[in-house]
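Let me begin by presenting the structure, written as structure tokens, before commenting on it.
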Amino acid sequence: MIQETLAKTGDNTQIACKCIYTSMEPHQILIFEDLTKKNYKPVSGIEGSLPIVKIALSKLARYHAVCFKTNSETGEIKKDYEKIQFDVEKLKQMPMFRDGFPFFLDMLKTIPDLKEYVPIFERIAADKPVDKAYSMFDDCKANWMILTHGDFHLKNIMLSEKEDGSVDDVLLIDFQACCWGPAITDITYMLYMMLDTKTRLERRDEVIYHYYKEFTETLRRINFTGEFPKLTDLYKDILSFKDYGERFLL
């Protein structure tokens with residue numbers, strides 16, 4: 001649906017890995033194309049260069065825009081996906097969220113030079129930051145709701161390179177966590193799980209605007225006639241969901 005909608009406007013950008021076969025019986029099966037045959041590879045390291053991130057954001061923005069338009073016209077996407085919003089209780093039982101901060105505190109206590117910071121982080125832990133972060137998704141009041149990717153980080157994209165080693169293209173993979181929710185969830189993942197600290201602090205507004213520009217330009221190309229989301233709405237959601245962003249720092 002997404003690729004077809006874009007193609008009608010002359011935009012033949014491939015957003016994601018193609019699904020070449022599906023079956024529900026006798027077992028649920030999804031088979032995807034082998035991107036390595038097209039010289040795509042995983043991103044090495046834990047932080048992406050700005051060119052990689054911007055291409056990934058352009059693909060994400062197109063995906064968001066087509067879903068936004070489709071839902072505004074039919075309501076079907078929200079209907080199909082809002083029931084699989086964040087299962088907060090299940091997330092709280094995941095080891096990375098349940099045990100990560102206690103393990104961090106235990107580590108601080110074993111290093112003499114860091115013991116002075118233990119009381120500070122104990123106060124943070126007492127405030128239950130993970131609970132606060134995910135409680136925002138109960139009866140969500142975000143300004144900008146969308147079908148999210150849900151797990152938008154470097155390990156869920158693959159890239160191809162030019163002969164000189166520069167990035168040529170990026171494709172999104174692994175949409176199994178997608179759900180109806182705030183666009184800011186994918187943006188937050190990008191800020192903390194793709195960008196290095198220096199780029200996030202110095203060029204955050206640049207990459208957010210890049211996403212917004214790609215999103216709105218795509219809406220125009222696919223002839224969306226409704227009310228366009230505003231950039232200020234996105235920033236309002238960033239502030240409203242700041243606890244969700246802070247969980248990536250824990």
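Identifiers in this document derive from the order of the structure tokens: chains are assigned A, B, ..., residues are numbered from 1 separately in each chain, and ligands are numbered from 1 in order of occurrence.
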> What lies within 12 Å of Tyr235 of chain A using only C-alpha atoms, ignoring chain neighbours under 3 positions off, as a ChimeraX atom specification?
Replying inline: /A:142-144,182-184,187-188,204-205,208-209,212,229-232,238-242
Can I get the selection written as a PDB file, in the first residue's frame, with C-alpha atoms?
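Listing of again.pdb after writing:
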```
ATOM      1  CA  ALA A 142      -0.294  13.234  21.861  1.00  0.00           C
ATOM      2  CA  ASN A 143      -0.850  15.881  19.194  1.00  0.00           C
ATOM      3  CA  TRP A 144       0.623  13.786  16.398  1.00  0.00           C
ATOM      4  CA  PRO A 182       2.689   9.128  18.960  1.00  0.00           C
ATOM      5  CA  ALA A 183       5.113   9.920  16.148  1.00  0.00           C
ATOM      6  CA  ILE A 184       7.475  11.113  18.851  1.00  0.00           C
ATOM      7  CA  ILE A 187      11.707  10.323  16.721  1.00  0.00           C
ATOM      8  CA  THR A 188      12.915   9.655  20.254  1.00  0.00           C
ATOM      9  CA  ARG A 204      18.838  17.905  17.071  1.00  0.00           C
ATOM     10  CA  ASP A 205      16.656  20.632  15.589  1.00  0.00           C
ATOM     11  CA  ILE A 208      13.811  16.936  13.499  1.00  0.00           C
ATOM     12  CA  TYR A 209      13.122  19.541  10.837  1.00  0.00           C
ATOM     13  CA  TYR A 212       9.104  17.220   9.361  1.00  0.00           C
ATOM     14  CA  PRO A 229       0.404  18.541  11.559  1.00  0.00           C
ATOM     15  CA  LYS A 230       2.480  21.489  12.720  1.00  0.00           C
ATOM     16  CA  LEU A 231       6.135  21.426  13.672  1.00  0.00           C
ATOM     17  CA  THR A 232       5.135  23.047  16.964  1.00  0.00           C
ATOM     18  CA  ILE A 238       8.715  16.048  22.698  1.00  0.00           C
ATOM     19  CA  LEU A 239       8.209  18.087  25.874  1.00  0.00           C
ATOM     20  CA  SER A 240       5.126  16.154  26.976  1.00  0.00           C
ATOM     21  CA  PHE A 241       6.896  12.825  26.503  1.00  0.00           C
ATOM     22  CA  LYS A 242      10.249  13.892  27.935  1.00  0.00           C
TER      23      LYS A 242
END
```
>> Please list as a VMD selection string every residue within 7 Å of Val43 of chain A, counting only C-alpha atoms and excluding residues in the same chain fewer than 2 positions away.
In response: chain A and resid 41 45 154 to 155 158 to 159
>> I need the residues of segment 15-248 of chain A that end up classed as alpha helix (DSSP H) by DSSP on the backbone, written out as a count of residues only.
In response: 116
Which residues of segment 121-220 of chain A come within 10 Å of segment 67-74 of chain A, and what is each one's closest atom pair and distance in Å (one decimal), counting only C-alpha atoms, sorted by chain and residue number, as CSV?
```
residue,atom,partner,partner_atom,distance
A:Trp144,CA,A:Phe68,CA,9.5
A:Met145,CA,A:Phe68,CA,8.1
A:Ile146,CA,A:Phe68,CA,6.0
A:Leu147,CA,A:Cys67,CA,6.4
A:Thr148,CA,A:Cys67,CA,9.2
A:Phe215,CA,A:Phe68,CA,9.7
A:Thr218,CA,A:Lys69,CA,9.9
A:Leu219,CA,A:Lys69,CA,7.2
```
Closest contacts (segment 153-203 of chain A/segment 19-31 of chain A, max 12 Å, only C-alpha atoms) as JSON lines:
```
{"residue": "A:Ile173", "atom": "CA", "partner": "A:Cys19", "partner_atom": "CA", "distance": 10.4}
{"residue": "A:Asp174", "atom": "CA", "partner": "A:Cys19", "partner_atom": "CA", "distance": 11.1}
{"residue": "A:Phe175", "atom": "CA", "partner": "A:Cys19", "partner_atom": "CA", "distance": 11.5}
{"residue": "A:Gln176", "atom": "CA", "partner": "A:Leu30", "partner_atom": "CA", "distance": 11.2}
```
Take the selection from the previous step and output its residues with N, CA and C atoms, as an mmCIF file, in the first residue's frame.
```
data_model
loop_
_atom_site.group_PDB
_atom_site.id
_atom_site.type_symbol
_atom_site.label_atom_id
_atom_site.label_comp_id
_atom_site.auth_asym_id
_atom_site.auth_seq_id
_atom_site.Cartn_x
_atom_site.Cartn_y
_atom_site.Cartn_z
ATOM 1 N N ILE A 173 13.886 -2.185 8.285
ATOM 2 C CA ILE A 173 13.490 -3.572 8.499
ATOM 3 C C ILE A 173 12.853 -3.704 9.879
ATOM 4 N N ASP A 174 12.257 -4.869 10.130
ATOM 5 C CA ASP A 174 11.741 -5.251 11.445
ATOM 6 C C ASP A 174 10.657 -4.303 11.955
ATOM 7 N N PHE A 175 9.465 -4.446 11.406
ATOM 8 C CA PHE A 175 8.319 -3.637 11.811
ATOM 9 C C PHE A 175 7.434 -4.369 12.821
ATOM 10 N N GLN A 176 7.943 -5.391 13.489
ATOM 11 C CA GLN A 176 7.095 -6.218 14.333
ATOM 12 C C GLN A 176 6.595 -5.490 15.579
#
```
> From the set A:Phe101, A:Gly226, A:Leu50, A:Gly150, which residue has the shortest atom-to-atom contact distance to Lys198 of chain A, counting only C-alpha atoms?
Replying inline: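 Distance minimum relative to Lys198 of chain A lands on A:Leu50.
Residues in contact with Cys178 of chain A at 12 Å, where only C-alpha atoms are counted and same-chain residues fewer than 6 positions away are skipped, are listed as A:Tyr63, A:His64, A:Cys67, A:Ile77, A:Lys78, A:Asp80, A:Tyr81, A:Glu82, A:Lys83, A:Ile84, A:Gln85, A:Phe86, A:Ile146, A:Leu147, A:Thr148, A:His149, A:Gly150, A:Asp151, A:Phe152, A:Thr185, A:Asp186.
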Find the spatial neighbours of Val167 of chain A, counting only C-alpha atoms, within a cut-off of 12 Å - ignore same-chain residues fewer than 2 positions away - and output them as a compact mmCIF listing (two decimals) with N, CA and C atoms, in the first residue's frame.
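The resulting file, part21.txt, is shown below:
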```txt
# COMPACT_ATOMS: atom_id res chain seq x y z
N ASN A 39 23.55 -6.12 -2.04
CA ASN A 39 24.69 -5.42 -1.43
C ASN A 39 24.31 -4.49 -0.28
N TYR A 40 23.20 -4.81 0.41
CA TYR A 40 22.88 -4.11 1.64
C TYR A 40 23.51 -4.86 2.81
N LYS A 41 23.85 -4.13 3.84
CA LYS A 41 24.48 -4.74 5.01
C LYS A 41 24.03 -4.00 6.26
N VAL A 43 24.28 -1.88 9.75
CA VAL A 43 25.12 -0.76 10.15
C VAL A 43 26.07 -1.23 11.24
N GLY A 48 25.10 6.11 14.29
CA GLY A 48 25.07 6.31 12.85
C GLY A 48 25.59 7.68 12.45
N SER A 49 26.16 7.75 11.25
CA SER A 49 26.56 9.04 10.73
C SER A 49 25.32 9.82 10.34
N LEU A 50 25.43 11.13 10.28
CA LEU A 50 24.28 11.97 9.96
C LEU A 50 23.68 11.63 8.59
N PRO A 51 24.49 11.37 7.54
CA PRO A 51 23.89 11.00 6.25
C PRO A 51 23.03 9.75 6.33
N ILE A 52 23.49 8.74 7.08
CA ILE A 52 22.71 7.51 7.24
C ILE A 52 21.40 7.81 7.95
N VAL A 53 21.47 8.58 9.03
CA VAL A 53 20.27 8.89 9.81
C VAL A 53 19.28 9.69 8.98
N LYS A 54 19.76 10.64 8.19
CA LYS A 54 18.85 11.47 7.40
C LYS A 54 18.13 10.65 6.33
N ILE A 55 18.83 9.71 5.70
CA ILE A 55 18.16 8.87 4.71
C ILE A 55 17.12 7.99 5.39
N ALA A 56 17.48 7.42 6.54
CA ALA A 56 16.53 6.60 7.29
C ALA A 56 15.31 7.42 7.70
N MET A 158 19.23 -1.30 7.13
CA MET A 158 20.37 -1.84 6.39
C MET A 158 20.76 -0.83 5.32
N LEU A 159 22.05 -0.77 5.01
CA LEU A 159 22.52 0.26 4.08
C LEU A 159 23.32 -0.33 2.95
N SER A 160 23.34 0.39 1.86
CA SER A 160 24.24 0.07 0.74
C SER A 160 25.18 1.25 0.56
N GLU A 161 26.36 0.97 0.04
CA GLU A 161 27.38 2.01 -0.09
C GLU A 161 27.81 2.19 -1.55
N LYS A 162 28.28 3.39 -1.84
CA LYS A 162 28.85 3.67 -3.16
C LYS A 162 30.30 3.16 -3.19
N GLU A 163 30.91 3.24 -4.34
CA GLU A 163 32.28 2.73 -4.48
C GLU A 163 33.26 3.47 -3.58
N ASP A 164 32.97 4.74 -3.29
CA ASP A 164 33.88 5.51 -2.44
C ASP A 164 33.62 5.29 -0.95
N GLY A 165 32.66 4.41 -0.62
CA GLY A 165 32.38 4.11 0.77
C GLY A 165 31.31 4.97 1.41
N ASP A 169 22.13 4.11 0.01
CA ASP A 169 20.71 3.96 0.33
C ASP A 169 20.57 3.28 1.68
N VAL A 170 19.40 3.44 2.26
CA VAL A 170 19.06 2.82 3.54
C VAL A 170 17.65 2.24 3.43
N LEU A 171 17.45 1.03 3.94
CA LEU A 171 16.13 0.42 3.97
C LEU A 171 15.77 0.08 5.41
```
>> According to DSSP computed on the backbone, where in segment 31-231 of chain A is there strand (DSSP E or B)? Give the residues as number ranges by chain.
In response: A: 31-32, 41-42, 145-147, 157-161, 167-172, 180-182
